[in-house]
Each structure stands twice: as C-alpha cells, then as structure tokens.
>>> print(open('run.cif').read())   # mmCIF, C-alpha atoms
data_final
loop_
_atom_site.label_atom_id
_atom_site.label_comp_id
_atom_site.auth_asym_id
_atom_site.auth_seq_id
_atom_site.Cartn_x
_atom_site.Cartn_y
_atom_site.Cartn_z
CA MET C 1168 8.65 22.53 9.86
CA ASP C 1169 11.13 21.73 7.13
CA ASP C 1170 10.38 21.86 3.41
CA LEU C 1171 9.46 18.17 3.10
CA ASP C 1172 7.07 18.35 6.05
CA ASP C 1173 5.52 21.52 4.66
CA MET C 1174 5.07 19.93 1.23
CA ASP C 1175 3.67 16.75 2.83
CA HIS C 1176 1.09 18.79 4.74
CA ARG C 1177 0.08 20.86 1.73
CA ILE C 1178 -0.30 17.87 -0.61
CA VAL C 1179 -2.38 15.84 1.83
CA SER C 1180 -4.56 18.91 2.45
CA VAL C 1181 -5.21 19.37 -1.28
CA LEU C 1182 -5.91 15.69 -1.92
CA ARG C 1183 -8.06 15.33 1.19
CA ALA C 1184 -10.11 18.28 -0.10
CA CYS C 1185 -10.84 16.18 -3.21
CA GLY C 1186 -12.60 13.82 -0.82
CA GLY C 1187 -15.27 16.49 -0.43
CA ASP C 1188 -16.81 15.11 -3.63
CA PRO C 1189 -18.98 12.16 -2.51
CA ARG C 1190 -18.00 10.09 -5.56
CA VAL C 1191 -14.28 10.58 -4.92
CA ALA C 1192 -14.75 9.94 -1.19
CA GLY C 1193 -16.68 6.74 -1.88
CA ALA C 1194 -14.07 5.42 -4.28
CA ALA C 1195 -11.21 6.31 -1.91
CA ARG C 1196 -12.97 4.66 1.02
CA ALA C 1197 -13.62 1.51 -1.01
CA LEU C 1198 -10.00 1.29 -2.14
CA SER C 1199 -8.75 1.88 1.38
CA TRP C 1200 -11.08 -0.75 2.77
CA ALA C 1201 -10.11 -3.29 0.09
CA GLY C 1202 -6.41 -2.71 0.75
CA GLU C 1203 -6.68 -3.12 4.53
CA HIS C 1204 -4.03 -5.60 5.75
CA GLY C 1205 -3.21 -6.36 2.11
CA ALA C 1206 -6.52 -8.23 1.74
CA LEU C 1207 -7.11 -7.16 -1.88
CA TRP C 1208 -3.67 -8.36 -2.91
CA LEU C 1209 -3.77 -11.59 -0.96
CA ALA C 1210 -7.13 -12.43 -2.51
CA ALA C 1211 -5.82 -11.53 -5.98
CA GLY C 1212 -2.77 -13.74 -5.51
CA LEU C 1213 -4.82 -16.68 -4.34
CA ALA C 1214 -7.24 -16.17 -7.24
CA GLY C 1215 -4.31 -16.10 -9.65
CA ALA C 1216 -2.99 -19.34 -8.14
CA SER C 1217 -6.34 -21.04 -8.53
CA VAL C 1218 -6.86 -19.92 -12.14
CA ASP C 1219 -3.31 -20.17 -13.49
CA ARG C 1220 -2.38 -23.68 -12.43
CA ALA C 1221 0.73 -23.76 -14.62
CA ARG C 1222 2.24 -20.95 -12.53
CA ARG C 1223 0.49 -21.71 -9.27
CA ASP C 1224 3.72 -21.79 -7.26
CA ALA C 1225 4.79 -18.42 -8.66
CA TRP C 1226 1.42 -16.88 -7.72
CA LEU C 1227 1.63 -18.32 -4.21
CA ARG C 1228 5.19 -17.08 -3.79
CA GLY C 1229 4.20 -13.65 -5.10
CA THR C 1230 1.39 -13.63 -2.57
CA ALA C 1231 3.86 -14.60 0.16
CA LEU C 1232 6.19 -11.76 -0.93
CA THR C 1233 3.28 -9.34 -0.76
CA ALA C 1234 2.36 -10.52 2.74
CA GLY C 1235 6.01 -10.33 3.79
CA ALA C 1236 6.32 -6.78 2.50
CA HIS C 1237 3.18 -5.83 4.42
CA LEU C 1238 4.58 -7.35 7.62
CA ALA C 1239 7.89 -5.52 7.11
CA SER C 1240 6.04 -2.21 6.81
CA MET C 1241 4.13 -2.90 10.00
CA GLY C 1242 7.40 -3.58 11.82
CA LEU C 1243 8.99 -0.42 10.45
CA LYS C 1244 5.90 1.55 11.43
CA ARG C 1245 6.37 0.44 15.06
CA ILE C 1246 9.97 1.64 15.00
CA VAL C 1247 9.40 5.03 13.31
CA ARG C 1248 6.10 5.83 15.08
CA ARG C 1249 5.23 8.86 12.92
CA PRO C 1250 1.76 10.14 13.78
CA ARG C 1251 -0.93 10.32 11.12
CA PRO C 1252 -1.91 13.71 9.70
CA ALA C 1253 -3.75 15.63 12.39
CA HIS C 1254 -4.55 18.73 10.34
CA VAL C 1255 -7.22 17.02 8.19
CA GLU C 1256 -10.34 15.09 9.12
CA PRO C 1257 -9.89 11.45 8.02
CA LEU C 1258 -12.59 9.76 5.97
CA VAL C 1259 -11.80 6.28 7.32
CA ARG C 1260 -10.79 4.72 10.59
CA THR C 1261 -7.36 3.16 10.74
CA ALA C 1262 -6.03 0.01 12.35
CA GLY C 1263 -3.22 1.94 14.05
CA ARG C 1264 -1.99 5.38 15.01
CA HIS C 1265 1.23 5.42 13.00
CA SER C 1266 1.62 6.41 9.39
CA PHE C 1267 5.19 5.76 8.21
CA PRO C 1268 5.43 3.84 5.97
CA SER C 1269 2.02 3.26 4.46
CA SER C 1270 1.33 -0.47 4.69
CA HIS C 1271 -1.36 -0.12 2.02
CA ALA C 1272 1.25 1.32 -0.36
CA THR C 1273 3.77 -1.36 0.58
CA SER C 1274 1.48 -4.29 -0.16
CA ALA C 1275 0.08 -2.58 -3.28
CA ALA C 1276 3.53 -1.96 -4.77
CA ALA C 1277 4.79 -5.44 -3.86
CA ALA C 1278 1.74 -7.00 -5.51
CA ALA C 1279 2.08 -4.79 -8.59
CA VAL C 1280 5.68 -5.95 -9.08
CA ALA C 1281 5.02 -9.61 -8.27
CA PHE C 1282 1.71 -10.03 -10.07
CA GLY C 1283 2.73 -7.71 -12.90
CA ALA C 1284 5.61 -10.09 -13.60
CA LEU C 1285 3.00 -12.81 -14.01
CA GLY C 1286 1.03 -10.77 -16.54
CA ALA C 1287 -1.51 -9.09 -14.26
CA HIS C 1288 -0.92 -5.65 -15.74
CA ALA C 1289 -4.02 -4.19 -14.07
CA ALA C 1290 -2.18 -4.52 -10.75
CA TRP C 1291 -0.15 -1.36 -11.47
CA PRO C 1292 -3.02 1.12 -11.96
CA LEU C 1293 -4.97 -0.48 -9.13
CA ALA C 1294 -1.93 -0.21 -6.84
CA ALA C 1295 -1.53 3.46 -7.79
CA ALA C 1296 -5.21 4.08 -7.01
CA VAL C 1297 -4.86 2.42 -3.60
CA CYS C 1298 -1.82 4.59 -2.86
CA VAL C 1299 -3.60 7.82 -3.82
CA SER C 1300 -6.68 6.77 -1.84
CA ARG C 1301 -4.65 6.92 1.39
CA LEU C 1302 -3.99 10.60 0.74
CA VAL C 1303 -7.56 11.36 -0.27
CA VAL C 1304 -8.94 9.77 2.90
CA GLY C 1305 -6.42 11.84 4.87
CA VAL C 1306 -4.58 9.14 6.80
CA HIS C 1307 -1.10 9.36 5.23
CA TYR C 1308 1.40 11.90 4.05
CA PRO C 1309 2.85 11.56 0.54
CA SER C 1310 6.23 10.61 2.01
CA ASP C 1311 4.52 7.73 3.90
CA VAL C 1312 3.07 6.45 0.65
CA ALA C 1313 6.31 6.90 -1.29
CA ALA C 1314 8.33 5.08 1.38
CA GLY C 1315 5.77 2.28 1.56
CA ALA C 1316 5.75 1.87 -2.22
CA ALA C 1317 9.55 1.81 -2.29
CA LEU C 1318 9.60 -0.86 0.42
CA GLY C 1319 7.06 -2.94 -1.50
CA VAL C 1320 8.96 -2.69 -4.77
CA LEU C 1321 12.25 -3.53 -3.05
CA THR C 1322 10.77 -6.55 -1.29
CA ALA C 1323 9.22 -7.93 -4.47
CA ARG C 1324 12.34 -7.28 -6.54
CA LEU C 1325 14.54 -9.01 -3.95
CA GLY C 1326 12.23 -12.04 -4.03
CA ALA C 1327 11.73 -12.15 -7.80
CA ARG C 1328 14.04 -15.11 -8.45
CA TRP C 1329 12.51 -17.09 -5.62
CA MET C 1330 9.02 -16.26 -6.86
CA THR C 1331 9.68 -17.66 -10.31
CA GLY C 1332 11.29 -20.84 -9.01
CA GLY C 1333 14.94 -19.81 -8.88
CA THR C 1334 16.97 -19.94 -5.73
CA PRO C 1335 16.63 -17.00 -3.34
#
>>> encode(input="run.cif", output="structure tokens")
Amino acid sequence: MDDLDDMDHRIVSVLRACGGDPRVAGAARALSWAGEHGALWLAAGLAGASVDRARRDAWLRGTALTAGAHLASMGLKRIVRRPRPAHVEPLVRTAGRHSFPSSHATSAAAAAVAFGALGAHAAWPLAAAVCVSRLVVGVHYPSDVAAGAALGVLTARLGARWMTGGTP
C-alpha cells in the first residue's frame, strides 16, 4: 500500500468512527441521502429558477451543469472501477460498487460553483458537509471525494460563460 492509500484508509477510518455518535451518523446519513444522484442540487436549482425569474435561464443552466458533472463522474467511475472502502462498515447503502470519483462530491462542488455565482452562498458549506458525509458513512476515500469535487468545480467553471448567457 503506498502512502496515499495508507492515508486514505486512515482518514476514512477516523471519520467513519465519528459516525459512532448517533447524532453525527444521522446527519451524515441525511446528507448522503439528500445528495443521492444529485437530487438535492437539482431540486435547489429548480427552486432557484422558480423563485428568481430574472435569472431563470442561469439557474436552469447551472442545474444542467450540475447534472452534467454528475453524469461525467458516473462515467469516470465505470472506467476507474475503484472498490469502495472494505475495511469499515458503511452506514448507508450505495447505488453502485465503485467509489472513484465520488459523484456526491462532484454534483455538490458543481452546484456550489454554479449556484454560488448566482448568490446562493449557503451552497458552499452545504456542499462541504455532503462531501464529508461520504467519509463519515464510510463509502468513499478522501481521494474519491477530492477528485469528485475537482471534477465538479472544473465542469462548472468550464460552463460558467454558458450558464450566465455567454457563448460556450
């Protein structure tokens, strides 16, 4: 096991142990459930579009970027095929067997960038909480979450001009 793998294993073990507290476990499960398939972020984007009619198109495009980032992570996951942590007992069931990159982190980071640009500053701390929840529930390594977040940020940044009405 190389240094990164060793660090990944140790960090997920420590954070998963935090899930021994029922309050922490409950919060982590709720965040993981809400972030499943990007649902939290898609709902937030659609809510933003319905409330902020002046920037409706930007909200819808930001939502599309978030969905696109999520789909990209799912495709990458099928290529990499890294197994989920087996050395900890997970607190949630997962939609798939592969962990790299974290699709929850990808959609969370994409939404934080896209919706943050529209003034939804609460997206950043909520996205961070969703990312940490995947470690606490024991279904991702930190490198999965970091790679997913990087993919989400990159996707949203690449689509920023399109989102705000500029040309792609």
>>> residues_around(input="run.cif", residues="Ala1323 (chain C)", least_positions_apart="3", cutoff="9 Å", atoms="all atoms listed in the file", output="JSON, numbers by chain")
{"C": [1229, 1232, 1233, 1236, 1276, 1277, 1278, 1279, 1280, 1281, 1318, 1319, 1320, 1326, 1327, 1330]}
>>> atom_distance(input="run.cif", atom1="CA of Gly1242 (chain C)", atom2="CA of Val1255 (chain C)")
25.5 Å
>>> closest_residue(input="run.cif", among="C:Gly1286, C:Gly1332, C:Pro1309, C:Gly1263", to="Glu1203 (chain C)", atoms="all atoms listed in the file")
C:Gly1263
>>> residues_around(input="run.cif", residues="Ala1225 (chain C)", least_positions_apart="4", cutoff="10 Å", atoms="all atoms listed in the file", output="list in words")
Gly1212, Gly1215, Ala1216, Asp1219, Arg1220, Ala1221, Gly1229, Thr1230, Ala1231, Ala1281, Phe1282, Ala1284, Leu1285, Ala1327, Arg1328, Trp1329, Met1330, Thr1331 and Gly1332 of chain C
>>> write_last_selection(input="run.cif", atoms="C-alpha atoms", output="PDB file, keeping the file's coordinate frame")
ATOM      1  CA  GLY C1212      -2.770 -13.740  -5.510  1.00  0.00           C
ATOM      2  CA  GLY C1215      -4.310 -16.100  -9.650  1.00  0.00           C
ATOM      3  CA  ALA C1216      -2.990 -19.340  -8.140  1.00  0.00           C
ATOM      4  CA  ASP C1219      -3.310 -20.170 -13.490  1.00  0.00           C
ATOM      5  CA  ARG C1220      -2.380 -23.680 -12.430  1.00  0.00           C
ATOM      6  CA  ALA C1221       0.730 -23.760 -14.620  1.00  0.00           C
ATOM      7  CA  GLY C1229       4.200 -13.650  -5.100  1.00  0.00           C
ATOM      8  CA  THR C1230       1.390 -13.630  -2.570  1.00  0.00           C
ATOM      9  CA  ALA C1231       3.860 -14.600   0.160  1.00  0.00           C
ATOM     10  CA  ALA C1281       5.020  -9.610  -8.270  1.00  0.00           C
ATOM     11  CA  PHE C1282       1.710 -10.030 -10.070  1.00  0.00           C
ATOM     12  CA  ALA C1284       5.610 -10.090 -13.600  1.00  0.00           C
ATOM     13  CA  LEU C1285       3.000 -12.810 -14.010  1.00  0.00           C
ATOM     14  CA  ALA C1327      11.730 -12.150  -7.800  1.00  0.00           C
ATOM     15  CA  ARG C1328      14.040 -15.110  -8.450  1.00  0.00           C
ATOM     16  CA  TRP C1329      12.510 -17.090  -5.620  1.00  0.00           C
ATOM     17  CA  MET C1330       9.020 -16.260  -6.860  1.00  0.00           C
ATOM     18  CA  THR C1331       9.680 -17.660 -10.310  1.00  0.00           C
ATOM     19  CA  GLY C1332      11.290 -20.840  -9.010  1.00  0.00           C
TER      20      GLY C1332
END
>>> closest_residue(input="run.cif", among="C:Ser1180, C:Ser1310, C:Ser1300, C:Thr1273", to="His1254 (chain C)", atoms="only C-alpha atoms")
C:Ser1180
>>> atom_distance(input="run.cif", atom1="CA of Leu1171 (chain C)", atom2="CA of Leu1238 (chain C)")
26.4 Å
>>> resolve_selection(input="run.cif", expression="the PyMOL selection byres ((chain C and resi 1267) around 12)", output="ChimeraX atom specification")
/C:1239-1252,1263-1266,1268-1273,1306-1316,1318
>>> atom_distance(input="run.cif", atom1="CA of His1288 (chain C)", atom2="CA of Val1179 (chain C)")
27.8 Å
>>> closest_residue(input="run.cif", among="C:Ala1275, C:Leu1302, C:Ala1184, C:Ala1197", to="Leu1209 (chain C)", atoms="all atoms listed in the file")
C:Ala1275
>>> closest_residue(input="run.cif", among="C:Ala1296, C:Val1304, C:Ala1262, C:Leu1213", to="Asp1188 (chain C)", atoms="all atoms listed in the file")
C:Val1304
>>> residues_around(input="run.cif", residues="Val1259 (chain C)", least_positions_apart="2", cutoff="7 Å", atoms="only C-alpha atoms", output="list in words")
Arg1196, Pro1257, Thr1261 and Val1304 of chain C
>>> closest_residue(input="run.cif", among="C:Gly1305, C:Val1191, C:Ile1178, C:Ala1214", to="Arg1260 (chain C)", atoms="only C-alpha atoms")
C:Gly1305
>>> axis_aligned_box(input="run.cif", around="region 1205-1220 of chain C", padding_each_side="4 Å", output="AutoDock Vina command-line options")
--center_x -4.8 --center_y -15.0 --center_z -5.7 --size_x 12.9 --size_y 25.3 --size_z 23.6
>>> closest_residue(input="run.cif", among="C:His1176, C:Thr1322, C:Ala1201, C:Gly1186", to="Leu1293 (chain C)", atoms="all atoms listed in the file")
C:Ala1201
